[in-house]
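S.K.: Before we start, here is the structure in question, set down as structure tokens.
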Amino acid sequence: MPEATQSGLSENAAGALAYVTIIPSILFLVMEPYNRSPFVKFHCWQNIFLCIGCIAVWLVAMVMVFIPFLGFVIDLILWLGIVVLWVICVVKASQGQKFVIPIIGPLAEKQANA
């Protein structure tokens, strides 16, 4: 079981909170003692890369608007996929586990261990 930090926030809670927005991720990467925890750093970096992926999906969605029905269906599938990934990441982090998202997960591992 991860040790609670001085503030009383466990690594599991910090890892899950890292997914709330990009702001906690950045804060945890610079704040002691969270910036020393590979577990917290992994979830922070994975969230940052997931946010970058959301921007890419948003750009694709902007183009897909011009395709009448198919564009809407593809947009819906992409956004639902992101929401499902986000929920899985929050739940796994709160349980003290790592859910490695394909492509961005290994990048997050590299950054967390750097």
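The way I read the labels, and the way they are meant: chains A, B, ... in the order of the structure tokens, residue 1 as the first residue of every chain, and ligand 1 as the first ligand shown, with later ones counted on from there.
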Which neighbours of Lys92 in chain A fall inside 10 Å, counting only C-alpha atoms, when residues of the same chain fewer than 6 positions from it are skipped, and could you give them as a PyMOL selection string?
M.R.: chain A and resi 12+15-16+86+98-100
S.K.: Would you mind exporting the chosen residues as a PDB file, in the first residue's frame, restricted to N, CA and C atoms?
M.R.:
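part.pdb was written with the following content:
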ATOM      1  N   ASN A  12      -2.003   7.013  -4.409  1.00  0.00           N
ATOM      2  CA  ASN A  12      -3.185   6.627  -5.196  1.00  0.00           C
ATOM      3  C   ASN A  12      -4.076   7.836  -5.467  1.00  0.00           C
ATOM      4  N   GLY A  15      -2.320  10.196  -7.872  1.00  0.00           N
ATOM      5  CA  GLY A  15      -2.372   9.651  -9.228  1.00  0.00           C
ATOM      6  C   GLY A  15      -3.734   9.847  -9.869  1.00  0.00           C
ATOM      7  N   ALA A  16      -4.796   9.631  -9.090  1.00  0.00           N
ATOM      8  CA  ALA A  16      -6.151   9.818  -9.625  1.00  0.00           C
ATOM      9  C   ALA A  16      -6.448  11.291  -9.863  1.00  0.00           C
ATOM     10  N   TRP A  86     -10.272   7.825 -19.998  1.00  0.00           N
ATOM     11  CA  TRP A  86     -10.083   8.707 -18.851  1.00  0.00           C
ATOM     12  C   TRP A  86     -10.641   8.072 -17.572  1.00  0.00           C
ATOM     13  N   LYS A  98      -1.409   0.752 -12.595  1.00  0.00           N
ATOM     14  CA  LYS A  98      -1.106   1.509 -13.810  1.00  0.00           C
ATOM     15  C   LYS A  98      -1.902   0.909 -14.956  1.00  0.00           C
ATOM     16  N   PHE A  99      -2.615   1.754 -15.657  1.00  0.00           N
ATOM     17  CA  PHE A  99      -3.255   1.349 -16.910  1.00  0.00           C
ATOM     18  C   PHE A  99      -2.484   2.063 -18.003  1.00  0.00           C
ATOM     19  N   VAL A 100      -1.738   1.298 -18.771  1.00  0.00           N
ATOM     20  CA  VAL A 100      -0.883   1.887 -19.799  1.00  0.00           C
ATOM     21  C   VAL A 100      -1.683   2.021 -21.087  1.00  0.00           C
TER      22      VAL A 100
END
S.K.: Among chain A, which ones does DSSP assign to alpha helix (DSSP H) (computed from the backbone)? Answer as a PyMOL selection string.
M.R.: chain A and resi 11-17+22-30+38-64+68-94+104-113
S.K.: Create the file for the chosen residues now, containing C-alpha atoms and written as a tab-separated table (two decimals), in the first residue's frame.
M.R.:
chain	number	residue	atom	x	y	z
A	11	GLU	CA	0.02	8.27	-4.00
A	12	ASN	CA	-3.19	6.63	-5.20
A	13	ALA	CA	-5.17	9.81	-4.60
A	14	ALA	CA	-2.49	11.97	-6.21
A	15	GLY	CA	-2.37	9.65	-9.23
A	16	ALA	CA	-6.15	9.82	-9.63
A	17	LEU	CA	-6.25	13.60	-9.10
A	22	ILE	CA	-3.79	19.17	-16.83
A	23	ILE	CA	-3.21	21.60	-13.93
A	24	PRO	CA	-2.85	19.00	-11.13
A	25	SER	CA	-0.57	16.98	-13.39
A	26	ILE	CA	1.79	19.92	-13.80
A	27	LEU	CA	1.59	20.80	-10.10
A	28	PHE	CA	2.38	17.24	-8.99
A	29	LEU	CA	5.39	17.16	-11.34
A	30	VAL	CA	6.93	20.17	-9.56
A	38	PRO	CA	7.42	7.18	-10.18
A	39	PHE	CA	3.76	6.17	-9.76
A	40	VAL	CA	2.49	9.75	-9.53
A	41	LYS	CA	4.85	10.97	-12.26
A	42	PHE	CA	3.62	8.22	-14.61
A	43	HIS	CA	-0.01	9.25	-14.17
A	44	CYS	CA	0.86	12.95	-14.53
A	45	TRP	CA	2.71	12.37	-17.78
A	46	GLN	CA	0.07	10.01	-19.12
A	47	ASN	CA	-2.60	12.66	-18.45
A	48	ILE	CA	-0.52	15.35	-20.17
A	49	PHE	CA	-0.15	13.13	-23.23
A	50	LEU	CA	-3.85	12.23	-23.07
A	51	CYS	CA	-4.70	15.95	-23.09
A	52	ILE	CA	-2.49	16.41	-26.15
A	53	GLY	CA	-4.37	13.49	-27.74
A	54	CYS	CA	-7.67	15.22	-26.91
A	55	ILE	CA	-6.49	18.30	-28.79
A	56	ALA	CA	-5.64	16.10	-31.79
A	57	VAL	CA	-9.09	14.47	-31.62
A	58	TRP	CA	-10.69	17.89	-31.39
A	59	LEU	CA	-8.85	18.95	-34.56
A	60	VAL	CA	-10.02	15.81	-36.35
A	61	ALA	CA	-13.56	16.45	-35.09
A	62	MET	CA	-13.48	19.93	-36.57
A	63	VAL	CA	-12.78	18.45	-40.00
A	64	MET	CA	-15.29	15.62	-39.61
A	68	PRO	CA	-22.88	14.92	-42.84
A	69	PHE	CA	-23.84	11.80	-40.85
A	70	LEU	CA	-20.64	9.77	-40.84
A	71	GLY	CA	-18.70	12.69	-39.36
A	72	PHE	CA	-21.03	12.86	-36.38
A	73	VAL	CA	-20.79	9.11	-35.76
A	74	ILE	CA	-16.98	9.13	-35.95
A	75	ASP	CA	-16.80	12.15	-33.62
A	76	LEU	CA	-19.08	10.44	-31.12
A	77	ILE	CA	-17.01	7.25	-31.16
A	78	LEU	CA	-13.75	9.17	-30.71
A	79	TRP	CA	-15.05	11.22	-27.77
A	80	LEU	CA	-16.65	8.22	-26.09
A	81	GLY	CA	-13.35	6.37	-26.43
A	82	ILE	CA	-11.50	9.22	-24.74
A	83	VAL	CA	-14.03	9.39	-21.90
A	84	VAL	CA	-13.78	5.62	-21.35
A	85	LEU	CA	-9.95	5.82	-21.31
A	86	TRP	CA	-10.08	8.71	-18.85
A	87	VAL	CA	-12.45	6.88	-16.48
A	88	ILE	CA	-10.33	3.71	-16.61
A	89	CYS	CA	-7.20	5.74	-15.83
A	90	VAL	CA	-8.81	7.50	-12.85
A	91	VAL	CA	-10.16	4.24	-11.39
A	92	LYS	CA	-6.90	2.31	-11.90
A	93	ALA	CA	-4.82	5.12	-10.40
A	94	SER	CA	-7.10	5.30	-7.36
A	104	ILE	CA	1.13	7.35	-24.95
A	105	GLY	CA	1.60	5.02	-21.98
A	106	PRO	CA	5.15	4.00	-22.93
A	107	LEU	CA	6.01	7.68	-23.48
A	108	ALA	CA	4.70	8.42	-19.99
A	109	GLU	CA	6.82	5.56	-18.58
A	110	LYS	CA	9.92	7.04	-20.21
A	111	GLN	CA	9.23	10.48	-18.78
A	112	ALA	CA	8.39	9.14	-15.32
A	113	ASN	CA	11.62	7.17	-15.13
S.K.: Identify which of the residues A:Ala114, A:Ile103, A:Ser37, A:Val65 lies closest to Ser10 in chain A, counting only C-alpha atoms when measuring atom-to-atom distances.
M.R.: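 Among A:Ala114, A:Ile103, A:Ser37, A:Val65, it is A:Ser37 that comes nearest to Ser10 in chain A.
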